Amino acid sequence: MNKANSKMNKSEKSLGRREFLGHSAKLAIGALTFNIAGKSTAAGAASSKKMKVALVGTGHRGTSTWGKDLIGPYSEYVGMVGLCDINPKRLEAGKRLIGTDAPSYPAKDFDRMIKETKPDAVIICTPDCFHYEHSVRAMELGCDAIVEKPLATEAEQCQQLLDTELKTGRKITTTFNARHGDTAEEIKKILLSGELGRIISSEFQEYLDIDHGASYFRRWHGKIRFSGSLLVHKASHHFDQMNWWLDAEPEEVNAFGRVAFYGKNNSFRSRNCRGCPFSDKCDFYWDIMKKERMVKLYVECEDADGYLRDGCVWDNDIDTYDTMTVEVKYNNGVLLSYSLNAYMPYEGQRIAFNGEKGRLDVRNYNRQPWEVGDKRADFRLTKSFKDTKTWIIERTKSKKAEFSHGGSDYGIKDLIIKPNQPDPLGQLAGSRAGVMSSLIGIAAHKSIETGERIKIADLIDFRSTWKW
Ligand SMILES: NC(=O)c1ccc[n+]([C@@H]2O[C@H](COP(=O)([O-])OP(=O)(O)OC[C@H]3O[C@@H](n4cnc5c(N)ncnc54)[C@H](O)[C@@H]3O)[C@@H](O)[C@H]2O)c1
């Protein structure tokens, strides 16, 4: 029994795990209905006054999606009242990139920022392992938390987040922008239509390439203690999509994973790309100095904390798996087969749903212009004993394509920031969705480390969230 479960009182223990997971699932449906009614957005969104937000983590994501691209396009609805970061230089660089005159605070003065600026919500864009501590403190100080994915990197953090949400009455929103892409929405609509009948199993293969995939191993993401591994950091998008598409929650997880390509798997290595003696012969040499934004945000700030944004992909300390397979059993009986490889020559996804009336195949292409165009998704819906139907979504031609992450970053902000937005597909995600997605990755990591199959109910005590 883990720490979380050992906290259960006697009457709680008398309920079987299946029963309280079942109960929780019913509550999740209740929460979905509430969201669809447009009443369950983050603090302030439902009122007529502007939402006051403070930002912690003024790095890439904090200064773009939740910085400049928030206070500009959404100025009618939201105002930035404070900024906070552990790196004083990045704090000031970030402030300039965002274009705000909001006061800035060092990380040690997070509480003071909240007390002085009184935000309705704190937006959390720190490395993954710190999300929970800023979210918990923000809620304890009376604010809602708008948290980048993944919501948490360890099961104990999930417990603390749910307990604090319940205790304080504040609200967590997990910013799952991947629910808002064209392909994701199309899949959700097909599954909601019931054309495939009951879904019995599903498949998800993620291909990250030698550019984007490699970038995770240059940064803090390459160390499990910061990112929880790509099973948590990256796959939290995919596990959340699956949970949302299937309208189901995970029960059991089994996984294998290895660092089979990056890290120790090379004959030479250095500390980082700048000044590397092997730059001429390394296929992964990357010149950060060519990107002005990167220089401002990272290179010019690195003497304050020693963080090197162009770290060596062959670093011996890299422990984040680059190769992994995961099996998930859902509470509605669906069996998911998932894989992620982070050193592919091209990028994209294969996703499929096997239903009692047929099969849906989706091939998502990204960054492979020689083959089928840069951004496109092929759909094939085949009815058993009947016909097959194919169609394409050309994302370069879609109305969303010109915006960041195919428009999904605006889709999610519309829902969180604008008041009274309809949510017919149930795209708004709270703490439960955040926890469920993180827990699959956390369980997968644990399964790899222990060689055992992991039960989600053994990781967390959902009793404390029943009222939610
Ligand atoms: N949804 C998406 O598509 C998407 C895309 C990119 C990043 N993200 C998420 O956004 C988050 C930030 O990623 P990023 O790429 O901006 O990383 P980053 O390294 O550029 O920024 C992180 C910032 O947090 C600061 N920081 C570190 N520890 C801190 C602490 N204890 N207190 C205060 N500040 C601290 C760092 O100095 C840095 O400025 C991550 O959780 C990531 O998963 C999401």
# chains A, B, ... in the order shown; residues from 1 in each chain; ligands from 1
>>> residues_near_ligand(ligand="ligand 1", cutoff="6 Å", atoms="only C-alpha atoms and all ligand atoms", output="list in words")
Val56, Gly57, Thr58, Gly59, His60, Arg61, Gly62, Asp85, Ile86, Asn87, Arg90, Ala107, Cys125, Thr126, Pro127, Asp128, Phe130, Glu148, Lys149, Pro150, Asn177 and His233 of chain A
>>> select_by_dssp(residues="stretch 100-234 of chain A", states="strand (DSSP E or B)", output="list in words")
Ser104, Tyr105, Pro106, Ala121, Val122, Ile123, Ile124, Asp144, Ala145, Ile146, Val147, Glu148, Ile172, Thr173, Thr174, Thr175, Ile199, Ile200, Ser201, Ser202, Glu203, Phe204, Gln205, Glu206, Tyr207, Leu208 and Asp209 of chain A
>>> closest_residue(among="A:Glu203, A:Glu76, A:Asp303, A:Asp414", to="A:Val334", atoms="only C-alpha atoms")
A:Glu203
>>> residues_around(residues="A:Leu55", least_positions_apart="4", cutoff="6 Å", atoms="only C-alpha atoms", output="list in words")
Leu83, Val122 and Ile123 of chain A
>>> write_last_selection(atoms="N, CA and C atoms", output="short mmCIF file (atom, residue, chain, number, x, y, z; two decimals), in the first residue's frame")
data_model
loop_
_atom_site.label_atom_id
_atom_site.label_comp_id
_atom_site.auth_asym_id
_atom_site.auth_seq_id
_atom_site.Cartn_x
_atom_site.Cartn_y
_atom_site.Cartn_z
N LEU A 83 4.73 38.85 -12.63
CA LEU A 83 5.57 37.82 -13.27
C LEU A 83 6.55 37.29 -12.24
N VAL A 122 -3.30 31.99 -11.28
CA VAL A 122 -1.87 31.97 -11.57
C VAL A 122 -1.66 31.00 -12.73
N ILE A 123 -0.93 31.46 -13.77
CA ILE A 123 -0.61 30.60 -14.90
C ILE A 123 0.76 30.00 -14.64
#
>>> atom_distance(atom1="atom CA of A:Tyr77", atom2="atom CA of A:Glu133")
26.9 Å
>>> atom_distance(atom1="atom CA of A:Ile448", atom2="atom CA of A:Gln157")
19.9 Å
>>> residues_around(residues="A:Ser337", least_positions_apart="6", cutoff="9 Å", atoms="only C-alpha atoms", output="PyMOL selection string")
chain A and resi 201-205+325-328
>>> residues_around(residues="stretch 342-353 of chain A", least_positions_apart="2", cutoff="7 Å", atoms="only C-alpha atoms", output="PyMOL selection string")
chain A and resi 199+201-210+213-214+322-323+340+355+359-368
>>> write_last_selection(atoms="C-alpha atoms", output="compact mmCIF listing (two decimals), in the first residue's frame")
# COMPACT_ATOMS: atom_id res chain seq x y z
CA ILE A 199 -14.89 0.85 -29.15
CA SER A 201 -9.33 -1.31 -28.63
CA SER A 202 -7.18 1.57 -29.84
CA GLU A 203 -3.66 2.29 -31.13
CA PHE A 204 -1.45 5.38 -30.90
CA GLN A 205 2.06 5.61 -32.36
CA GLU A 206 3.99 8.85 -31.87
CA TYR A 207 7.01 9.64 -34.08
CA LEU A 208 9.29 12.48 -32.92
CA ASP A 209 12.04 13.35 -35.34
CA ILE A 210 15.76 14.01 -35.16
CA GLY A 213 12.60 14.76 -30.84
CA ALA A 214 16.28 15.51 -30.28
CA ASP A 322 13.74 7.74 -26.20
CA THR A 323 12.05 4.41 -27.01
CA LEU A 340 6.76 6.73 -28.78
CA GLY A 355 -15.02 -0.73 -32.88
CA ARG A 359 -12.22 0.75 -37.76
CA LEU A 360 -10.98 4.34 -37.94
CA ASP A 361 -7.41 4.90 -39.20
CA VAL A 362 -5.76 8.31 -38.84
CA ARG A 363 -2.31 9.17 -40.20
CA ASN A 364 -1.08 12.55 -39.02
CA TYR A 365 1.85 13.89 -41.07
CA ASN A 366 4.17 16.59 -39.81
CA ARG A 367 7.44 17.94 -41.21
CA GLN A 368 7.87 15.50 -44.10
